[in-house]
Amino acid sequence: MTCVIESVDDPRVADYRHIADAEWLRSRGMFIAEGRQVVRHLLTAGRFPARSVLVSPAALEGLHDVLGGQSSFAVYVMPVERLTTLVGFNIHRGCLAIGERLPATGPEAWWREAAPSRLVVLLERVGNPDNIGAVFRNALAFGAGGVLLSPGCGDPLYRKSIRVSMGAALRLPFAVDESWPGGLRALQAAGVRILAMTPRTPSLDLDDAAGSIEPGRAAALLLGHEGGGLSDEALSVADARVRIAVRSGVDSLNVSTAAAIALHACRRHIGWPPA
């Protein structure tokens with residue numbers, strides 16, 4: 001149902017006062033989707049249930065095709081000025097939604113869903129929400145089947161991560177490997193070739209490494225912490241250490257940039273998954 005909210009003190013929209021408090025939201029099993037395109041992905045991907053949507057009249061009209069006629073969650077409507085007062089700052093295009101977190105997915109269940117793509121991303125201690133969001137966006141763009149994270153990685157369902165990912169974090173399977181790097185060894189046992197991205201030497205050139213992936217075999221790109229890179233333990237598990245050639249005097253690339261380049265190189269060699 002659609003409800004016009006006349007007061008910022010209306011208890012039906014009280015949860016939206018806390019959208020900047022990530023821990024408060026997480027402790028209550030919630031996350032925030034912000035912006036029309038991101039909210040559209042939340043509602044159409046079907047991966048996470050929506051608890052409610054809060055929109056301006058203009059945003060309501062813009063999302064009419066996905067909001068009209070549904071009955072599984074409430075749609076609250078407020079003028080942009082009142083919405084801004086409620087949440088405490090200007091909201092992009094007057095559109096928010098509260099999504100519901102689901103029970104954690106283990107690496108085995110994650111891999112069953114991700115495997116058909118034959119390409120996945122593995123992240124170790126990548127903490128910056130911009131980087132997490134950008135990696136998810138790149139992974140989705142290049143047909144990766146999912147993202148496996150180590151403990152200590154940033155939350156893909158943090159509001160900024162979702163926004164930077166342009167909703168990819170709501171569409172792409174992900175899981176946290178609590179036994180890290182145990183999940184990497186399980187992937188190897190399943191026949192996945194793990195390519196560890198690192199500027200350390202010795203290492204293979206990216207094109208040579210991508211070309212070494214046997215026909216029909218799946219590949220996993222392993223990327224590490226923004227400052228320290230990959231741990232020695234993770235590197236020891238990988239099938240190959242891989243570098244992206246850069247000019248002399250440049251230490252390394254941003255982790256999300258490196259992911260995009262490496263994903264594209266792998267796709268050129270292994271092909272795209274079935275539509």
# chains A, B, ... in the order shown; residues from 1 in each chain; ligands from 1
$ residues_around --residues "segment 41-55 of chain A" --least-positions-apart "6" --cutoff "6 Å" --atoms "only C-alpha atoms" --output "list of chain:residue names"
A:Phe73, A:Ala74, A:Val75, A:Tyr76, A:Val77, A:Gly94, A:Cys95, A:Leu96, A:Ala97, A:Ile98, A:Gly99, A:Glu100, A:Gly167, A:Arg171
$ write_last_selection --atoms "C-alpha atoms" --output "CSV table (one decimal), in the first residue's frame"
chain,number,residue,atom,x,y,z
A,73,PHE,CA,5.9,-3.9,1.5
A,74,ALA,CA,4.8,-0.4,2.4
A,75,VAL,CA,5.5,2.6,0.2
A,76,TYR,CA,5.8,5.9,2.1
A,77,VAL,CA,5.6,9.2,0.3
A,94,GLY,CA,14.5,11.5,-3.0
A,95,CYS,CA,14.4,7.7,-2.9
A,96,LEU,CA,15.3,5.2,-0.1
A,97,ALA,CA,14.4,1.7,0.7
A,98,ILE,CA,15.0,-0.6,3.7
A,99,GLY,CA,16.1,-4.1,2.7
A,100,GLU,CA,16.2,-7.1,4.9
A,167,GLY,CA,23.1,-1.9,-7.0
A,171,ARG,CA,22.3,-8.6,-7.5
$ closest_atom_pairs --of "segment 89-178 of chain A" --to "segment 229-251 of chain A" --cutoff "12 Å" --atoms "only C-alpha atoms" --output "JSON lines"
{"residue": "A:Leu122", "atom": "CA", "partner": "A:Ala234", "partner_atom": "CA", "distance": 10.4}
{"residue": "A:Leu123", "atom": "CA", "partner": "A:Leu230", "partner_atom": "CA", "distance": 9.0}
{"residue": "A:Glu124", "atom": "CA", "partner": "A:Leu230", "partner_atom": "CA", "distance": 6.7}
{"residue": "A:Arg125", "atom": "CA", "partner": "A:Leu230", "partner_atom": "CA", "distance": 8.4}
{"residue": "A:Val126", "atom": "CA", "partner": "A:Gly229", "partner_atom": "CA", "distance": 8.8}
{"residue": "A:Gly127", "atom": "CA", "partner": "A:Gly229", "partner_atom": "CA", "distance": 11.6}
{"residue": "A:Ser150", "atom": "CA", "partner": "A:Ala234", "partner_atom": "CA", "distance": 10.3}
$ write_last_selection --atoms "N, CA and C atoms" --output "JSON list (two decimals), in the first residue's frame"
[["chain", "number", "residue", "atom", "x", "y", "z"],
["A", 122, "LEU", "N", 37.74, -12.99, -5.37],
["A", 122, "LEU", "CA", 38.03, -13.29, -3.98],
["A", 122, "LEU", "C", 38.72, -12.07, -3.38],
["A", 123, "LEU", "N", 38.22, -11.58, -2.25],
["A", 123, "LEU", "CA", 38.78, -10.37, -1.63],
["A", 123, "LEU", "C", 39.29, -10.68, -0.23],
["A", 124, "GLU", "N", 40.52, -10.23, 0.04],
["A", 124, "GLU", "CA", 41.10, -10.41, 1.36],
["A", 124, "GLU", "C", 41.32, -9.05, 2.02],
["A", 125, "ARG", "N", 40.58, -8.79, 3.10],
["A", 125, "ARG", "CA", 40.73, -7.60, 3.95],
["A", 125, "ARG", "C", 40.59, -6.28, 3.16],
["A", 126, "VAL", "N", 39.80, -6.27, 2.12],
["A", 126, "VAL", "CA", 39.52, -5.02, 1.41],
["A", 126, "VAL", "C", 38.44, -4.30, 2.20],
["A", 127, "GLY", "N", 38.77, -3.14, 2.76],
["A", 127, "GLY", "CA", 37.88, -2.52, 3.73],
["A", 127, "GLY", "C", 37.13, -1.30, 3.26],
["A", 150, "SER", "N", 37.02, -12.38, 2.69],
["A", 150, "SER", "CA", 37.63, -12.85, 3.93],
["A", 150, "SER", "C", 37.03, -12.09, 5.11]]
$ atom_distance --atom1 "atom CA of Thr201 of chain A" --atom2 "atom CA of Ala258 of chain A"
16.6 Å
$ closest_residue --among "A:Gly191, A:Pro173, A:Pro151, A:Pro273" --to "Gly224 of chain A" --atoms "only C-alpha atoms"
A:Pro151
$ closest_atom_pairs --of "segment 161-248 of chain A" --to "segment 10-33 of chain A" --cutoff "10 Å" --atoms "only C-alpha atoms" --output "JSON lines"
{"residue": "A:Ser161", "atom": "CA", "partner": "A:Ala33", "partner_atom": "CA", "distance": 9.8}
{"residue": "A:Ile162", "atom": "CA", "partner": "A:Ala33", "partner_atom": "CA", "distance": 6.8}
{"residue": "A:Arg163", "atom": "CA", "partner": "A:Ala33", "partner_atom": "CA", "distance": 7.2}
{"residue": "A:Met166", "atom": "CA", "partner": "A:Ala33", "partner_atom": "CA", "distance": 9.8}
{"residue": "A:Gly167", "atom": "CA", "partner": "A:Ala33", "partner_atom": "CA", "distance": 8.1}
{"residue": "A:Leu170", "atom": "CA", "partner": "A:Ala33", "partner_atom": "CA", "distance": 9.0}
$ select_by_dssp --residues "segment 121-236 of chain A" --states "strand (DSSP E or B)" --output "number ranges by chain"
A: 121-123, 147-149, 174-176, 193-197, 204-205, 219-223, 225, 229
$ write_last_selection --atoms "C-alpha atoms" --output "PDB file, in the first residue's frame"
ATOM      1  CA  VAL A 121      36.370 -12.612  -7.341  1.00  0.00           C
ATOM      2  CA  LEU A 122      38.032 -13.288  -3.977  1.00  0.00           C
ATOM      3  CA  LEU A 123      38.776 -10.369  -1.632  1.00  0.00           C
ATOM      4  CA  VAL A 147      32.396 -12.417  -4.688  1.00  0.00           C
ATOM      5  CA  LEU A 148      33.913 -14.329  -1.753  1.00  0.00           C
ATOM      6  CA  LEU A 149      35.224 -12.170   1.096  1.00  0.00           C
ATOM      7  CA  PHE A 174      28.529 -13.039  -2.017  1.00  0.00           C
ATOM      8  CA  ALA A 175      29.659 -14.825   1.118  1.00  0.00           C
ATOM      9  CA  VAL A 176      32.228 -14.462   3.899  1.00  0.00           C
ATOM     10  CA  ARG A 193      42.482 -21.853 -10.966  1.00  0.00           C
ATOM     11  CA  ILE A 194      43.262 -19.103  -8.438  1.00  0.00           C
ATOM     12  CA  LEU A 195      45.165 -16.091  -9.776  1.00  0.00           C
ATOM     13  CA  ALA A 196      46.595 -13.851  -7.047  1.00  0.00           C
ATOM     14  CA  MET A 197      46.929 -10.223  -8.135  1.00  0.00           C
ATOM     15  CA  LEU A 204      53.235 -13.786 -14.409  1.00  0.00           C
ATOM     16  CA  ASP A 205      52.081 -11.069 -16.746  1.00  0.00           C
ATOM     17  CA  ALA A 219      39.118 -18.972 -12.632  1.00  0.00           C
ATOM     18  CA  ALA A 220      39.152 -16.911  -9.451  1.00  0.00           C
ATOM     19  CA  LEU A 221      40.847 -13.538  -9.129  1.00  0.00           C
ATOM     20  CA  LEU A 222      42.299 -12.994  -5.652  1.00  0.00           C
ATOM     21  CA  LEU A 223      42.842  -9.373  -4.575  1.00  0.00           C
ATOM     22  CA  HIS A 225      44.096  -5.151   1.209  1.00  0.00           C
ATOM     23  CA  GLY A 229      48.060  -6.399  -0.401  1.00  0.00           C
TER      24      GLY A 229
END
$ select_by_dssp --residues "segment 168-232 of chain A" --states "alpha helix (DSSP H)" --output "PyMOL selection string"
chain A and resi 182-189+206-211+232
$ write_last_selection --atoms "C-alpha atoms" --output "short mmCIF file (atom, residue, chain, number, x, y, z; two decimals), in the first residue's frame"
data_model
loop_
_atom_site.label_atom_id
_atom_site.label_comp_id
_atom_site.auth_asym_id
_atom_site.auth_seq_id
_atom_site.Cartn_x
_atom_site.Cartn_y
_atom_site.Cartn_z
CA GLY A 182 40.03 -22.52 3.70
CA GLY A 183 37.51 -21.49 1.06
CA LEU A 184 40.35 -20.93 -1.40
CA ARG A 185 41.55 -24.50 -0.92
CA ALA A 186 37.99 -25.77 -1.43
CA LEU A 187 37.80 -23.85 -4.72
CA GLN A 188 41.06 -25.42 -5.85
CA ALA A 189 39.70 -28.85 -4.97
CA LEU A 206 48.28 -10.82 -16.67
CA ASP A 207 47.77 -11.79 -20.31
CA ASP A 208 50.01 -14.84 -19.93
CA ALA A 209 48.19 -15.88 -16.76
CA ALA A 210 44.76 -15.46 -18.34
CA GLY A 211 45.90 -17.44 -21.36
CA ASP A 232 51.62 -14.61 2.59
#
$ residues_around --residues "Val120 of chain A" --least-positions-apart "2" --cutoff "6 Å" --atoms "only C-alpha atoms" --output "PyMOL selection string"
chain A and resi 144-146+220
$ closest_residue --among "A:Ile5, A:Ala139, A:Val164, A:Leu119" --to "Leu86 of chain A" --atoms "only C-alpha atoms"
A:Ile5
$ residues_around --residues "Arg118 of chain A" --least-positions-apart "3" --cutoff "7 Å" --atoms "only C-alpha atoms" --output "count of residues only"
4
$ atom_distance --atom1 "atom CA of Pro103 of chain A" --atom2 "atom CA of Asp155 of chain A"
14.2 Å
$ atom_distance --atom1 "atom CA of Glu6 of chain A" --atom2 "atom CA of Arg93 of chain A"
19.4 Å
$ decode --residues "segment 215-233 of chain A" --atoms "N, CA and C atoms" --output "compact mmCIF listing (two decimals), in the first residue's frame"
# COMPACT_ATOMS: atom_id res chain seq x y z
N PRO A 215 40.74 -24.56 -21.25
CA PRO A 215 39.35 -24.48 -21.73
C PRO A 215 38.40 -25.22 -20.80
N GLY A 216 37.33 -24.55 -20.44
CA GLY A 216 36.32 -25.15 -19.58
C GLY A 216 36.60 -25.03 -18.10
N ARG A 217 37.80 -24.57 -17.74
CA ARG A 217 38.14 -24.45 -16.33
C ARG A 217 37.72 -23.09 -15.78
N ALA A 218 37.30 -23.04 -14.53
CA ALA A 218 36.91 -21.79 -13.88
C ALA A 218 38.14 -21.10 -13.31
N ALA A 219 38.03 -19.77 -13.18
CA ALA A 219 39.12 -18.97 -12.63
C ALA A 219 38.59 -18.09 -11.51
N ALA A 220 39.48 -17.81 -10.55
CA ALA A 220 39.15 -16.91 -9.45
C ALA A 220 40.26 -15.89 -9.34
N LEU A 221 39.89 -14.62 -9.29
CA LEU A 221 40.85 -13.54 -9.13
C LEU A 221 40.91 -13.16 -7.66
N LEU A 222 42.09 -13.25 -7.08
CA LEU A 222 42.30 -12.99 -5.65
C LEU A 222 42.98 -11.64 -5.50
N LEU A 223 42.31 -10.72 -4.78
CA LEU A 223 42.84 -9.37 -4.58
C LEU A 223 42.87 -9.05 -3.09
N GLY A 224 43.85 -8.21 -2.69
CA GLY A 224 44.05 -8.00 -1.27
C GLY A 224 43.91 -6.58 -0.79
N HIS A 225 44.23 -6.40 0.46
CA HIS A 225 44.10 -5.15 1.21
C HIS A 225 44.70 -3.97 0.46
N GLU A 226 44.03 -2.82 0.58
CA GLU A 226 44.44 -1.63 -0.16
C GLU A 226 45.88 -1.20 0.13
N GLY A 227 46.37 -1.41 1.34
CA GLY A 227 47.73 -1.01 1.68
C GLY A 227 48.71 -2.17 1.67
N GLY A 228 48.36 -3.24 2.37
CA GLY A 228 49.28 -4.36 2.54
C GLY A 228 49.20 -5.43 1.48
N GLY A 229 48.20 -5.37 0.62
CA GLY A 229 48.06 -6.40 -0.40
C GLY A 229 47.63 -7.73 0.19
N LEU A 230 48.00 -8.81 -0.47
CA LEU A 230 47.61 -10.14 -0.05
C LEU A 230 48.57 -10.66 1.03
N SER A 231 48.02 -11.44 1.95
CA SER A 231 48.85 -12.06 2.99
C SER A 231 49.69 -13.18 2.38
N ASP A 232 50.78 -13.51 3.05
CA ASP A 232 51.62 -14.61 2.59
C ASP A 232 50.84 -15.91 2.55
N GLU A 233 49.93 -16.08 3.51
CA GLU A 233 49.13 -17.31 3.56
C GLU A 233 48.25 -17.44 2.34
